[in-house]
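Asks: Structure: input-v7.pdb, PDB, C-alpha atoms.
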```
ATOM      1  CA  MET Z   1     -12.717  15.556  -3.835
ATOM      2  CA  SER Z   2     -10.808  17.513  -6.494
ATOM      3  CA  GLU Z   3      -7.689  17.767  -4.329
ATOM      4  CA  ILE Z   4      -7.427  13.967  -4.621
ATOM      5  CA  PHE Z   5      -6.672  14.415  -8.325
ATOM      6  CA  SER Z   6      -3.548  16.485  -7.768
ATOM      7  CA  GLU Z   7      -0.121  15.169  -8.701
ATOM      8  CA  LYS Z   8       1.426  17.442  -6.070
ATOM      9  CA  ASN Z   9      -0.814  16.020  -3.308
ATOM     10  CA  MET Z  10      -0.120  12.477  -4.536
ATOM     11  CA  ILE Z  11       3.652  12.974  -4.390
ATOM     12  CA  GLU Z  12       3.403  14.460  -0.883
ATOM     13  CA  ALA Z  13       1.304  11.496   0.327
ATOM     14  CA  LEU Z  14       3.563   8.835  -1.212
ATOM     15  CA  LYS Z  15       6.944  10.343  -0.322
ATOM     16  CA  LYS Z  16       6.314   9.783   3.411
ATOM     17  CA  TYR Z  17       6.684   6.035   2.780
ATOM     18  CA  ILE Z  18       9.518   5.918   0.227
ATOM     19  CA  PRO Z  19      12.533   4.034   1.615
ATOM     20  CA  ALA Z  20      15.756   5.999   2.079
ATOM     21  CA  GLY Z  21      17.841   6.165  -1.086
ATOM     22  CA  GLU Z  22      14.917   5.538  -3.457
ATOM     23  CA  THR Z  23      12.823   7.859  -5.591
ATOM     24  CA  LEU Z  24       9.291   7.708  -6.890
ATOM     25  CA  THR Z  25       9.339   6.299 -10.435
ATOM     26  CA  ALA Z  26       5.590   6.584 -11.081
ATOM     27  CA  GLY Z  27       2.444   7.277  -9.094
ATOM     28  CA  ILE Z  28      -1.272   7.420  -9.831
ATOM     29  CA  HIS Z  29      -4.657   7.810  -8.221
ATOM     30  CA  ALA Z  30      -6.244   4.362  -7.907
ATOM     31  CA  VAL Z  31      -9.159   2.702  -6.135
ATOM     32  CA  ALA Z  32      -8.718  -0.020  -3.527
ATOM     33  CA  LYS Z  33     -11.614  -2.469  -3.585
ATOM     34  CA  GLU Z  34     -10.216  -4.617  -0.748
ATOM     35  CA  THR Z  35      -6.882  -4.864   1.050
ATOM     36  CA  GLY Z  36      -5.471  -7.325   3.564
ATOM     37  CA  VAL Z  37      -2.063  -6.614   5.081
ATOM     38  CA  LYS Z  38      -0.122  -8.988   7.348
ATOM     39  CA  GLU Z  39       2.976  -7.737   9.177
ATOM     40  CA  ILE Z  40       5.049  -9.081  12.087
ATOM     41  CA  PHE Z  41       7.072  -6.761  14.322
ATOM     42  CA  GLY Z  42       9.639  -7.719  16.960
ATOM     43  CA  LYS Z  43      10.975  -6.037  20.099
ATOM     44  CA  CYS Z  44       7.964  -3.779  20.463
ATOM     45  CA  ILE Z  45       4.905  -3.085  22.579
ATOM     46  CA  ARG Z  46       1.398  -2.037  21.564
ATOM     47  CA  THR Z  47       0.106   1.374  22.558
ATOM     48  CA  GLU Z  48      -3.205   3.083  21.883
ATOM     49  CA  ASP Z  49      -1.936   4.696  18.643
ATOM     50  CA  GLY Z  50       0.729   2.303  17.392
ATOM     51  CA  LEU Z  51       3.742   0.149  18.118
ATOM     52  CA  ALA Z  52       6.653   1.392  20.212
ATOM     53  CA  PRO Z  53      10.131  -0.142  20.089
ATOM     54  CA  SER Z  54      11.195  -1.784  23.359
ATOM     55  CA  GLU Z  55      14.217  -3.933  24.182
ATOM     56  CA  ASN Z  56      11.967  -5.920  26.533
ATOM     57  CA  GLY Z  57       9.050  -5.977  24.091
ATOM     58  CA  GLY Z  58       7.776  -9.040  22.316
ATOM     59  CA  THR Z  59       6.595 -10.010  18.871
ATOM     60  CA  VAL Z  60       3.354  -8.532  17.562
ATOM     61  CA  GLY Z  61       1.488  -9.712  14.485
ATOM     62  CA  VAL Z  62      -0.824  -7.180  12.852
ATOM     63  CA  ARG Z  63      -3.571  -7.727  10.302
ATOM     64  CA  LYS Z  64      -4.859  -4.530   8.729
ATOM     65  CA  ASN Z  65      -7.878  -4.944   6.455
ATOM     66  CA  LYS Z  66     -10.103  -2.638   4.440
ATOM     67  CA  TYR Z  67     -13.218  -4.180   2.914
ATOM     68  CA  GLY Z  68     -14.811  -1.106   1.352
ATOM     69  CA  THR Z  69     -13.889   0.870  -1.731
ATOM     70  CA  CYS Z  70     -11.592   3.839  -1.123
ATOM     71  CA  ASP Z  71      -9.357   6.224  -3.070
ATOM     72  CA  ILE Z  72      -5.623   5.628  -2.777
ATOM     73  CA  TYR Z  73      -2.380   6.721  -4.349
ATOM     74  CA  PHE Z  74      -0.304   3.872  -5.767
ATOM     75  CA  GLY Z  75       3.348   4.421  -6.580
ATOM     76  CA  ILE Z  76       6.469   2.475  -7.454
ATOM     77  CA  THR Z  77      10.135   3.099  -6.713
ATOM     78  CA  GLN Z  78      13.148   1.143  -7.885
ATOM     79  CA  THR Z  79      12.378  -1.777  -5.516
ATOM     80  CA  CYS Z  80       8.992  -1.136  -3.866
ATOM     81  CA  PHE Z  81       5.365  -0.307  -4.378
ATOM     82  CA  ILE Z  82       3.714   2.161  -2.052
ATOM     83  CA  ILE Z  83       0.094   2.704  -1.081
ATOM     84  CA  ALA Z  84      -1.152   5.870   0.630
ATOM     85  CA  ASP Z  85      -4.748   6.726   1.483
ATOM     86  CA  CYS Z  86      -6.101   9.842  -0.257
ATOM     87  CA  GLU Z  87      -8.256  10.657   2.773
ATOM     88  CA  HIS Z  88      -8.579   9.279   6.291
ATOM     89  CA  TYR Z  89     -10.245   5.865   6.188
ATOM     90  CA  SER Z  90     -11.014   3.368   8.928
ATOM     91  CA  HIS Z  91      -9.353  -0.030   8.800
ATOM     92  CA  HIS Z  92     -10.013  -3.218  10.730
ATOM     93  CA  TYR Z  93      -7.053  -4.297  12.885
ATOM     94  CA  GLU Z  94      -6.366  -7.655  14.506
ATOM     95  CA  PHE Z  95      -3.386  -8.362  16.744
ATOM     96  CA  ALA Z  96      -1.568 -11.500  17.836
ATOM     97  CA  ASP Z  97       1.165 -11.447  20.457
ATOM     98  CA  GLY Z  98       4.157 -13.654  21.169
ATOM     99  CA  ALA Z  99       4.040 -17.346  20.334
ATOM    100  CA  GLU Z 100       0.810 -17.044  18.330
ATOM    101  CA  VAL Z 101       2.639 -14.990  15.702
ATOM    102  CA  GLY Z 102       5.380 -17.335  14.542
ATOM    103  CA  GLY Z 103       8.808 -16.169  13.460
ATOM    104  CA  ALA Z 104       8.734 -15.551   9.712
ATOM    105  CA  ASP Z 105       9.677 -12.114   8.343
ATOM    106  CA  VAL Z 106       9.867 -10.309  11.696
ATOM    107  CA  GLN Z 107      10.654  -6.605  11.318
ATOM    108  CA  GLU Z 108      12.437  -5.026  14.260
ATOM    109  CA  LEU Z 109      11.133  -1.549  15.067
ATOM    110  CA  VAL Z 110      13.629   1.265  15.522
ATOM    111  CA  SER Z 111      11.080   4.076  15.925
ATOM    112  CA  PHE Z 112       7.430   4.496  16.830
ATOM    113  CA  LEU Z 113       5.043   3.191  14.138
ATOM    114  CA  PHE Z 114       1.485   4.522  13.964
ATOM    115  CA  TYR Z 115      -1.101   1.880  13.079
ATOM    116  CA  LYS Z 116      -2.194   3.978  10.087
ATOM    117  CA  ASP Z 117       1.346   3.704   8.655
ATOM    118  CA  ILE Z 118       1.407  -0.109   8.702
ATOM    119  CA  GLY Z 119       1.082  -1.659   5.260
ATOM    120  CA  THR Z 120       2.211   1.233   3.110
ATOM    121  CA  CYS Z 121       5.462   0.002   1.505
ATOM    122  CA  PHE Z 122       6.081  -3.429  -0.040
ATOM    123  CA  SER Z 123       9.024  -4.992  -1.844
ATOM    124  CA  LEU Z 124       8.354  -5.695  -5.522
ATOM    125  CA  ALA Z 125      10.467  -8.853  -5.079
ATOM    126  CA  ASP Z 126       7.901 -10.142  -2.545
ATOM    127  CA  ILE Z 127       5.054 -10.210  -5.059
ATOM    128  CA  GLN Z 128       3.925 -13.806  -5.388
ATOM    129  CA  LYS Z 129       1.279 -13.198  -8.024
ATOM    130  CA  CYS Z 130      -0.209 -10.260  -9.884
ATOM    131  CA  GLU Z 131      -3.243 -10.663 -12.116
ATOM    132  CA  ILE Z 132      -4.175  -7.843 -14.450
ATOM    133  CA  LYS Z 133      -7.569  -7.747 -16.158
ATOM    134  CA  LYS Z 134      -9.466  -5.220 -18.218
ATOM    135  CA  GLY Z 135     -12.144  -3.324 -16.328
ATOM    136  CA  MET Z 136     -14.982  -1.042 -17.331
ATOM    137  CA  MET Z 137     -14.422   2.185 -19.303
ATOM    138  CA  GLY Z 138     -10.722   1.544 -19.903
ATOM    139  CA  SER Z 139      -9.850   0.812 -16.284
ATOM    140  CA  VAL Z 140      -7.572  -2.043 -15.270
ATOM    141  CA  LYS Z 141      -8.131  -4.412 -12.352
ATOM    142  CA  CYS Z 142      -4.961  -5.414 -10.516
ATOM    143  CA  PHE Z 143      -4.987  -8.281  -8.002
ATOM    144  CA  ILE Z 144      -1.707  -8.500  -6.058
ATOM    145  CA  THR Z 145      -0.819 -11.353  -3.703
ATOM    146  CA  MET Z 146       2.329 -11.107  -1.606
ATOM    147  CA  LYS Z 147       4.491 -14.000  -0.389
ATOM    148  CA  ASN Z 148       3.469 -13.284   3.233
ATOM    149  CA  GLY Z 149      -0.263 -13.553   2.408
ATOM    150  CA  SER Z 150      -1.024  -9.839   2.126
ATOM    151  CA  TYR Z 151      -3.270  -9.010  -0.819
ATOM    152  CA  PHE Z 152      -4.651  -6.019  -2.715
ATOM    153  CA  LYS Z 153      -7.657  -5.776  -5.041
ATOM    154  CA  LEU Z 154      -7.121  -2.531  -6.924
ATOM    155  CA  MET Z 155      -8.537  -0.663  -9.890
ATOM    156  CA  PHE Z 156      -6.403   1.705 -11.958
ATOM    157  CA  PRO Z 157      -8.660   4.197 -13.794
ATOM    158  CA  LYS Z 158      -7.949   5.085 -17.393
ATOM    159  CA  LEU Z 159      -7.937   8.816 -16.609
ATOM    160  CA  GLY Z 160      -6.491  10.749 -13.690
ATOM    161  CA  GLY Z 161      -9.620  12.736 -12.858
ATOM    162  CA  VAL Z 162     -11.020  15.901 -14.365
ATOM    163  CA  GLY Z 163      -9.320  19.276 -14.457
ATOM    164  CA  GLY Z 164      -5.845  18.168 -15.525
ATOM    165  CA  GLY Z 165      -4.424  17.884 -12.001
ATOM    166  CA  MET Z 166      -2.626  14.638 -12.879
ATOM    167  CA  PRO Z 167      -1.042  15.339 -16.282
ATOM    168  CA  HIS Z 168       1.256  12.274 -16.182
ATOM    169  CA  HIS Z 169      -1.433   9.747 -15.227
ATOM    170  CA  THR Z 170      -1.427   7.821 -18.528
ATOM    171  CA  GLN Z 171       2.371   7.617 -18.672
ATOM    172  CA  TYR Z 172       2.686   6.624 -14.993
ATOM    173  CA  ARG Z 173      -0.137   4.096 -15.185
ATOM    174  CA  GLU Z 174       1.586   2.388 -18.110
ATOM    175  CA  ALA Z 175       4.912   2.271 -16.208
ATOM    176  CA  ILE Z 176       3.184   0.789 -13.151
ATOM    177  CA  LEU Z 177       1.321  -1.810 -15.220
ATOM    178  CA  GLN Z 178       4.531  -2.843 -17.009
ATOM    179  CA  GLU Z 179       6.326  -3.303 -13.670
ATOM    180  CA  MET Z 180       3.434  -5.227 -12.140
ATOM    181  CA  MET Z 181       3.150  -7.520 -15.182
ATOM    182  CA  ARG Z 182       6.899  -8.130 -15.072
ATOM    183  CA  ARG Z 183       6.737  -9.115 -11.389
ATOM    184  CA  GLY Z 184       3.364 -10.820 -11.549
ATOM    185  CA  ASN Z 185       3.867 -14.444 -12.453
TER     186      ASN Z 185
END
```
In C-alpha cells, what does this structure look like?
Replies:
Amino acid sequence: MSEIFSEKNMIEALKKYIPAGETLTAGIHAVAKETGVKEIFGKCIRTEDGLAPSENGGTVGVRKNKYGTCDIYFGITQTCFIIADCEHYSHHYEFADGAEVGGADVQELVSFLFYKDIGTCFSLADIQKCEIKKGMMGSVKCFITMKNGSYFKLMFPKLGGVGGGMPHHTQYREAILQEMMRRGN
C-alpha cells in the first residue's frame, strides 16, 4: 500500500497517458468512488484484450464503469486531465457495434488499444460540469461530468499519505482544484 503514496510511482503511472507535446502540471493520489466512461472508436475490431485498428473495421462504442472505491492517480496537463489506476482493478465493460453507436466524437484508432487503457485521458475543454464540495477530514469531493456523458465521482484527500512520499501533494491538489473550478461551470 505504501508504494501508492510515492510521487515517483504516480508520475510513472500518469506519464503513460500524457498526450505528445504536453507535460504533467500537477498530480495527486485520489480515490475514485464511481466512474463511468463512454468512448466511440472507428475503423477497428474487438479482440480479447482490446481494440485493433482495421481499415475494414467498424465503429465500436465502449462503456467502462467502476462502481467500487479504488485508489487512483489524478493529474492535469496543459489541456487534459488524466486518471491512472494505482493497482490493477476490474472494470465493467459494455460494447455496442456499428449502427447502435451513433456517430458523435468517433476516435479513429492508429494503434492497438488495451481495454484497460480506455478512459485515461480527457480534454479539460470537454468538461460540462464540475462540482466541488467539502468532504470529511479536509478532503474534497469532486464530481466531474463530461460533454459525452462520462462522469467521475472522486475524492481528493487533504494529505498525500504517510511517510512523506508525496511532498508536493498540497501544492498539486490546490493547482488541480483551481483548474477544475475554473472549468467546472
Asks: If the PyMOL selection byres ((chain Z and resi 130) around 9) were run on this exact file, what residues would it hold? Put them as a list in words.
Replies: Ile127, Gln128, Lys129, Glu131, Ile132, Cys142, Phe143, Ile144, Thr145, Met146, Met180, Met181, Arg183, Gly184 and Asn185 of chain Z
Asks: Please produce, as CSV, a per-residue contact table for range 74-174 of chain Z versus range 47-52 of chain Z (criterion: any atom at most 6 Å away, only C-alpha atoms considered), showing the nearest atom pair and its distance in Å to one decimal, sorted by chain then residue number.
Replies:
```
residue,atom,partner,partner_atom,distance
Z:Phe112,CA,Z:Ala52,CA,4.7
Z:Leu113,CA,Z:Leu51,CA,5.2
Z:Phe114,CA,Z:Gly50,CA,4.2
Z:Tyr115,CA,Z:Gly50,CA,4.7
```
Asks: Could you please determine the separation between CA of Lys116 in chain Z and CA of Glu34 in chain Z in Å, to one decimal place?
Replies: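 CA of Glu34 in chain Z lies at a distance of 16.0 Å from CA of Lys116 in chain Z.
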Asks: Could you check the closest approach to Phe156 in chain Z for each of Z:Gly119, Z:Thr23, Z:Phe74, Z:His91 and tell me which residue wins, using only C-alpha atoms?
Replies: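 Result for the nearest residue to Phe156 in chain Z: Z:Phe74.
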Asks: Please determine, counting only C-alpha atoms, which residue among Z:Arg182, Z:Glu87, Z:Cys80, Z:Tyr172 has the shortest atom-to-atom distance to Ala20 in chain Z.
Replies: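 Answer, going by the shortest atom-to-atom distance: Z:Cys80.
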